[in-house]
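Asks: Next comes the structure file coords.txt, holding compact mmCIF, C-alpha atoms and all ligand atoms.
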```txt
# COMPACT_ATOMS: atom_id res chain seq x y z
CA MET A 11 48.19 -80.31 -3.67
CA ARG A 12 44.92 -78.87 -4.90
CA ILE A 13 42.95 -80.70 -2.24
CA SER A 14 45.04 -79.22 0.53
CA ASP A 15 44.79 -75.79 -1.12
CA ASP A 16 41.02 -76.09 -1.18
CA ARG A 17 40.95 -77.23 2.41
CA TYR A 18 43.21 -74.36 3.40
CA SER A 19 40.97 -71.80 1.73
CA ARG A 20 37.84 -73.37 3.27
CA ASP A 21 39.44 -73.24 6.72
CA ARG A 22 40.53 -69.66 6.08
CA GLN A 23 36.92 -68.79 5.17
CA ARG A 24 35.63 -70.43 8.34
CA PHE A 25 38.12 -68.52 10.48
CA ASP A 26 37.27 -65.24 8.77
CA LEU A 27 33.56 -65.79 9.32
CA ALA A 28 34.13 -66.82 12.95
CA LEU A 29 36.16 -63.65 13.54
CA ARG A 30 33.33 -61.59 12.08
CA PHE A 31 30.87 -63.35 14.40
CA ILE A 32 33.20 -62.74 17.37
CA HIS A 33 33.43 -59.08 16.41
CA HIS A 34 29.61 -58.94 16.53
CA GLU A 35 29.65 -60.58 19.99
CA ALA A 36 28.03 -63.83 18.89
CA ARG A 37 27.86 -66.69 21.35
CA THR A 38 30.26 -69.61 21.02
CA ARG A 39 27.36 -71.91 20.24
CA THR A 40 26.18 -69.65 17.42
CA ILE A 41 29.70 -69.47 15.95
CA ARG A 42 29.99 -73.26 16.12
CA THR A 43 26.62 -73.78 14.44
CA TRP A 44 27.31 -71.37 11.59
CA THR A 45 31.00 -72.08 10.88
CA GLY A 46 31.31 -75.75 11.86
CA LEU A 47 34.42 -74.94 13.92
CA THR A 48 34.97 -76.74 17.24
CA ASP A 49 34.64 -74.92 20.57
CA ASP A 50 38.38 -75.33 21.06
CA ARG A 51 39.24 -73.57 17.80
CA ILE A 52 36.71 -70.84 18.54
CA ARG A 53 38.31 -70.29 21.96
CA LYS A 54 41.74 -69.98 20.35
CA LEU A 55 40.40 -67.59 17.74
CA TYR A 56 38.74 -65.54 20.44
CA ARG A 57 42.01 -65.31 22.38
CA SER A 58 43.98 -64.27 19.30
CA TYR A 59 41.29 -61.72 18.46
CA ILE A 60 41.67 -60.13 21.89
CA ALA A 61 45.47 -60.43 21.80
CA ALA A 62 45.56 -58.65 18.43
CA GLY A 63 43.82 -55.74 20.14
CA SER A 64 41.03 -55.71 17.56
CA SER A 65 38.64 -54.81 20.33
CA ALA A 66 39.52 -55.22 23.96
CA LYS A 67 35.99 -54.58 25.03
CA VAL A 68 34.19 -57.16 22.92
CA ALA A 69 31.80 -58.97 25.21
CA ARG A 70 31.73 -62.74 25.19
CA HIS A 71 28.27 -64.10 25.68
CA ARG A 72 27.61 -67.49 27.11
CA GLY A 73 24.48 -69.46 27.78
CA LYS A 74 21.30 -69.37 25.80
CA SER A 75 20.62 -67.20 22.80
CA PRO A 76 17.67 -64.78 22.84
CA ARG A 77 14.31 -66.41 22.24
CA GLN A 78 11.65 -63.73 22.40
CA SER A 79 9.81 -62.74 19.29
CA ALA A 80 7.95 -60.02 21.26
CA TYR A 81 11.29 -58.20 21.50
CA PHE A 82 10.87 -57.11 17.87
CA THR A 83 7.25 -55.96 18.07
CA ARG A 84 7.01 -54.42 21.53
CA SER A 85 7.49 -50.77 20.50
CA PRO A 86 7.28 -48.68 17.32
CA ARG A 87 11.04 -48.18 17.45
CA MET A 88 11.80 -51.90 17.68
CA ARG A 89 9.27 -52.65 14.93
CA HIS A 90 11.04 -50.09 12.75
CA GLU A 91 14.51 -51.51 13.49
CA ALA A 92 13.30 -55.06 12.87
CA ALA A 93 11.81 -53.92 9.54
CA VAL A 94 15.10 -52.32 8.45
CA LEU A 95 17.13 -55.38 9.43
CA ALA A 96 14.66 -57.79 7.82
CA SER A 97 14.56 -55.75 4.60
CA VAL A 98 18.36 -55.82 4.29
CA CYS A 99 18.34 -59.56 5.04
CA TYR A 100 15.85 -60.16 2.22
CA LEU A 101 17.84 -57.96 -0.17
CA LEU A 102 21.16 -59.66 0.54
CA GLY A 103 19.81 -63.19 0.24
CA VAL A 104 20.00 -64.11 3.92
CA MET A 105 16.36 -65.18 3.89
CA PRO A 106 15.40 -68.43 2.15
CA ALA A 107 12.94 -68.19 -0.74
CA THR A 108 10.36 -70.34 1.01
CA GLN A 109 9.36 -71.00 4.61
CA VAL A 110 11.60 -73.41 6.48
CA ALA A 111 10.11 -75.53 9.27
CA ASP A 112 13.21 -76.06 11.40
CA ALA A 113 14.92 -72.81 10.44
CA ALA A 114 17.32 -72.62 13.40
CA ARG A 115 18.83 -75.90 12.23
CA HIS A 116 18.63 -75.49 8.46
CA LEU A 117 19.63 -71.86 7.91
CA PRO A 118 23.20 -71.90 9.27
CA GLY A 119 25.97 -72.20 6.68
CA MET A 120 29.02 -70.36 5.44
CA GLN A 121 27.45 -68.45 2.55
CA ARG A 122 24.39 -67.37 4.49
CA GLY A 123 26.60 -66.53 7.48
CA GLU A 124 28.64 -64.14 5.34
CA ALA A 125 25.46 -62.56 3.96
CA LEU A 126 24.09 -62.26 7.50
CA CYS A 127 27.23 -60.37 8.64
CA GLU A 128 26.88 -58.09 5.61
CA ALA A 129 23.21 -57.47 6.45
CA PHE A 130 23.88 -56.86 10.13
CA GLU A 131 26.71 -54.42 9.34
CA THR A 132 24.45 -52.60 6.85
CA TYR A 133 21.63 -52.39 9.39
CA ARG A 134 24.04 -50.87 11.92
CA ARG A 135 25.06 -48.24 9.39
CA LEU A 136 21.46 -47.39 8.50
CA VAL A 137 19.96 -47.08 11.98
CA PRO A 138 21.20 -44.47 14.46
CA GLU A 139 22.01 -46.10 17.80
CA PRO A 140 20.96 -49.59 16.69
CA ARG A 141 19.56 -51.82 19.43
CA ILE A 142 19.26 -55.23 17.85
CA SER A 143 22.21 -57.43 18.81
CA PHE A 144 23.73 -59.96 16.44
CA GLU A 145 22.22 -62.80 18.48
CA HIS A 146 18.79 -61.19 18.15
CA ALA A 147 19.41 -60.84 14.40
CA VAL A 148 20.13 -64.58 14.21
CA PHE A 149 16.88 -65.24 16.06
CA LEU A 150 14.94 -62.82 13.84
CA ILE A 151 15.92 -64.47 10.55
CA ALA A 152 15.11 -67.92 11.92
CA ALA A 153 11.74 -66.71 13.27
CA LEU A 154 10.84 -65.05 9.95
CA ALA A 155 11.99 -68.08 7.96
CA CYS A 156 9.82 -70.48 9.93
CA GLY A 157 6.92 -68.02 10.31
CA ASP A 158 5.47 -69.53 13.47
CA GLU A 159 5.77 -66.39 15.58
CA LEU A 160 6.93 -63.58 13.31
CA ARG A 161 6.24 -62.84 9.69
CA ALA A 162 7.28 -60.28 7.13
CA ALA A 163 4.26 -58.35 5.84
CA HIS A 164 3.56 -55.17 3.90
CA CYS A 165 2.40 -51.86 5.33
CA ILE A 166 -1.17 -51.34 4.10
CA ASP A 167 -0.39 -47.74 3.13
CA CYS A 168 3.08 -47.62 1.61
CA ASN A 169 3.66 -51.33 0.97
CA GLY A 170 6.99 -51.19 2.82
CA LEU A 171 8.19 -54.33 4.55
CA ILE A 172 7.24 -54.68 8.22
CA VAL A 173 7.77 -57.39 10.82
CA VAL A 174 4.57 -58.48 12.53
CA ASP A 175 3.39 -60.94 15.09
CA ARG A 176 1.82 -63.86 13.23
CA LEU A 177 -1.45 -63.33 15.08
CA ALA A 178 -1.65 -59.65 14.11
CA MET A 179 -1.05 -59.98 10.40
CA ASN A 180 -3.73 -57.74 8.93
CA GLY A 181 -4.04 -54.00 8.69
CA ARG A 182 -0.64 -53.08 10.01
CA ARG A 183 1.28 -49.96 9.12
CA CYS A 184 4.96 -49.10 9.19
CA LEU A 185 6.30 -46.53 11.63
CA ALA A 186 6.19 -43.67 9.11
CA CYS A 187 2.58 -44.33 8.09
CA GLU A 188 1.46 -45.01 11.66
CA GLY A 189 2.77 -41.64 12.79
CA SER A 190 1.27 -39.44 10.07
CA PRO A 191 -2.22 -37.90 10.52
CA GLN A 192 -3.97 -39.68 7.64
CA GLY A 193 -1.92 -42.78 7.97
CA LYS A 194 -0.05 -41.66 4.87
CA PHE A 195 2.84 -39.38 4.01
CA GLY A 196 0.36 -36.89 2.60
CA PHE A 197 0.47 -37.81 -1.04
ZN ZN A 201 4.00 -47.53 5.51
```
Could I get this structure in the form of structure tokens?

Replies:
Amino acid sequence: MRISDDRYSRDRQRFDLALRFIHHEARTRTIRTWTGLTDDRIRKLYRSYIAAGSSAKVARHRGKSPRQSAYFTRSPRMRHEAAVLASVCYLLGVMPATQVADAARHLPGMQRGEALCEAFETYRRLVPEPRISFEHAVFLIAALACGDELRAAHCIDCNGLIVVDRLAMNGRRCLACEGSPQGKFGF
């Protein structure tokens, strides 16, 4: 009895997480990797999600997930958004404590998936007109965790967390410090 109860609650958790991923327009492959559900179950969930009228306009993405680290560093605005998202991810325990070589494979899991949804939802509340998609958020945490292309660093003026290209690690400032005349807030 207990075993089936446990299994039921684990399945329930997987479905809940998959629904959250669907709500954030994650790709089927991403949902499968993070929840362990089969494509068939994800398709059924997706259909019931639409049928329930939760959001008729949720886009379903197919094909490959985003793979460009330059996306996060190409403009001051994107650097700022990436910094906000990364900060929340660190705070909510989405990021592993140490660097992970094959992060895309080792990060996915139920607990981290729930924390990632929490972080992504928080980021969307903090940033007006947020531009980073959920799929890009998944890429960002994997890229930061493996550290090959992107790394988390500290602004040299205010010590705030910033996301930088691995090759441009030193002497970087956050958006606020970059924009002010002395490179500081004035205190
Ligand atoms: Zn700063």

Asks: Please identify every polymer residue within 6 Å of ligand ZN 201 (chain A), using all atoms listed in the file, and present the set as a ChimeraX atom specification.

Replies: /A:165,167-170,183-184,186-187

Asks: Which of these residues is nearest to Ser97 of chain A, using all atoms listed in the file: A:Lys54, A:Arg17, A:His164, A:His116?

Replies: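 Of A:Lys54, A:Arg17, A:His164, A:His116, the one nearest Ser97 of chain A is A:His164, counting all atoms listed in the file.
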
Asks: Choose the residue, out of A:Thr48, A:Thr40, A:Thr132, A:Ser19, that has the smallest atom-to-atom separation from Val94 of chain A; count all atoms listed in the file.

Replies: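 Residue with the minimum atom-to-atom distance to Val94 of chain A: A:Thr132.
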
Asks: Got a sec: who's within 8 Å of Arg24 of chain A, counting only C-alpha atoms, leaving out chain neighbours fewer than 5 positions off, as a ChimeraX atom specification?

Replies: /A:45-47,120

Asks: So, with all atoms listed in the file as the atoms that count, which of A:Glu145, A:Asp21, A:Glu124, A:Asp112 lies closest to Arg39 of chain A?

Replies: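 Ranking A:Glu145, A:Asp21, A:Glu124, A:Asp112 by distance to Arg39 of chain A, first place goes to A:Glu145.
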
Asks: Atom CA of Val110 of chain A and atom CA of Asp158 of chain A, how far apart in Å?

Replies: 10.1 Å

Asks: Got a sec: who's within 10 Å of Arg51 of chain A, counting all atoms listed in the file, leaving out chain neighbours fewer than 5 positions off, as a PyMOL selection string?

Replies: chain A and resi 25+28+42+56-57

Asks: Could you tell me how far atom CA of Ala93 of chain A sits from atom CA of Ile41 of chain A, in Å to one decimal place?

Replies: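 About the pair atom CA of Ile41 of chain A and atom CA of Ala93 of chain A: they are 24.6 Å apart.
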
Asks: Rounded to one decimal place, report the atom CA of His33 of chain A-atom CA of Leu160 of chain A distance in Å.

Replies: 27.1 Å

Asks: Write segment 24-42 of chain A as a compact mmCIF listing (two decimals), in the coordinates of the input, completed to N, CA and C atoms.

Replies:
```txt
# COMPACT_ATOMS: atom_id res chain seq x y z
N ARG A 24 36.29 -70.17 7.06
CA ARG A 24 35.63 -70.43 8.34
C ARG A 24 36.18 -69.51 9.43
N PHE A 25 37.50 -69.38 9.48
CA PHE A 25 38.12 -68.52 10.48
C PHE A 25 37.68 -67.07 10.29
N ASP A 26 37.66 -66.63 9.04
CA ASP A 26 37.27 -65.24 8.77
C ASP A 26 35.84 -64.99 9.23
N LEU A 27 34.95 -65.96 8.92
CA LEU A 27 33.56 -65.79 9.32
C LEU A 27 33.43 -65.81 10.85
N ALA A 28 34.17 -66.74 11.49
CA ALA A 28 34.13 -66.82 12.95
C ALA A 28 34.61 -65.51 13.58
N LEU A 29 35.64 -64.93 13.01
CA LEU A 29 36.16 -63.65 13.54
C LEU A 29 35.12 -62.54 13.40
N ARG A 30 34.40 -62.58 12.29
CA ARG A 30 33.33 -61.59 12.08
C ARG A 30 32.23 -61.79 13.12
N PHE A 31 31.89 -63.04 13.38
CA PHE A 31 30.87 -63.35 14.40
C PHE A 31 31.36 -62.89 15.78
N ILE A 32 32.64 -63.16 16.08
CA ILE A 32 33.20 -62.74 17.37
C ILE A 32 33.13 -61.22 17.50
N HIS A 33 33.48 -60.54 16.42
CA HIS A 33 33.43 -59.08 16.41
C HIS A 33 32.02 -58.58 16.73
N HIS A 34 31.01 -59.32 16.28
CA HIS A 34 29.61 -58.94 16.53
C HIS A 34 29.08 -59.52 17.85
N GLU A 35 29.99 -60.08 18.66
CA GLU A 35 29.65 -60.58 19.99
C GLU A 35 28.68 -61.76 19.96
N ALA A 36 28.85 -62.62 18.97
CA ALA A 36 28.03 -63.83 18.89
C ALA A 36 28.46 -64.81 19.97
N ARG A 37 27.54 -65.66 20.36
CA ARG A 37 27.86 -66.69 21.35
C ARG A 37 28.66 -67.82 20.70
N THR A 38 29.44 -68.51 21.52
CA THR A 38 30.26 -69.61 21.02
C THR A 38 29.40 -70.63 20.27
N ARG A 39 28.24 -70.92 20.85
CA ARG A 39 27.36 -71.91 20.24
C ARG A 39 26.90 -71.47 18.85
N THR A 40 26.60 -70.19 18.72
CA THR A 40 26.18 -69.65 17.42
C THR A 40 27.32 -69.75 16.41
N ILE A 41 28.53 -69.41 16.85
CA ILE A 41 29.70 -69.47 15.95
C ILE A 41 29.93 -70.91 15.50
N ARG A 42 29.80 -71.84 16.44
CA ARG A 42 29.99 -73.26 16.12
C ARG A 42 28.95 -73.72 15.09
```
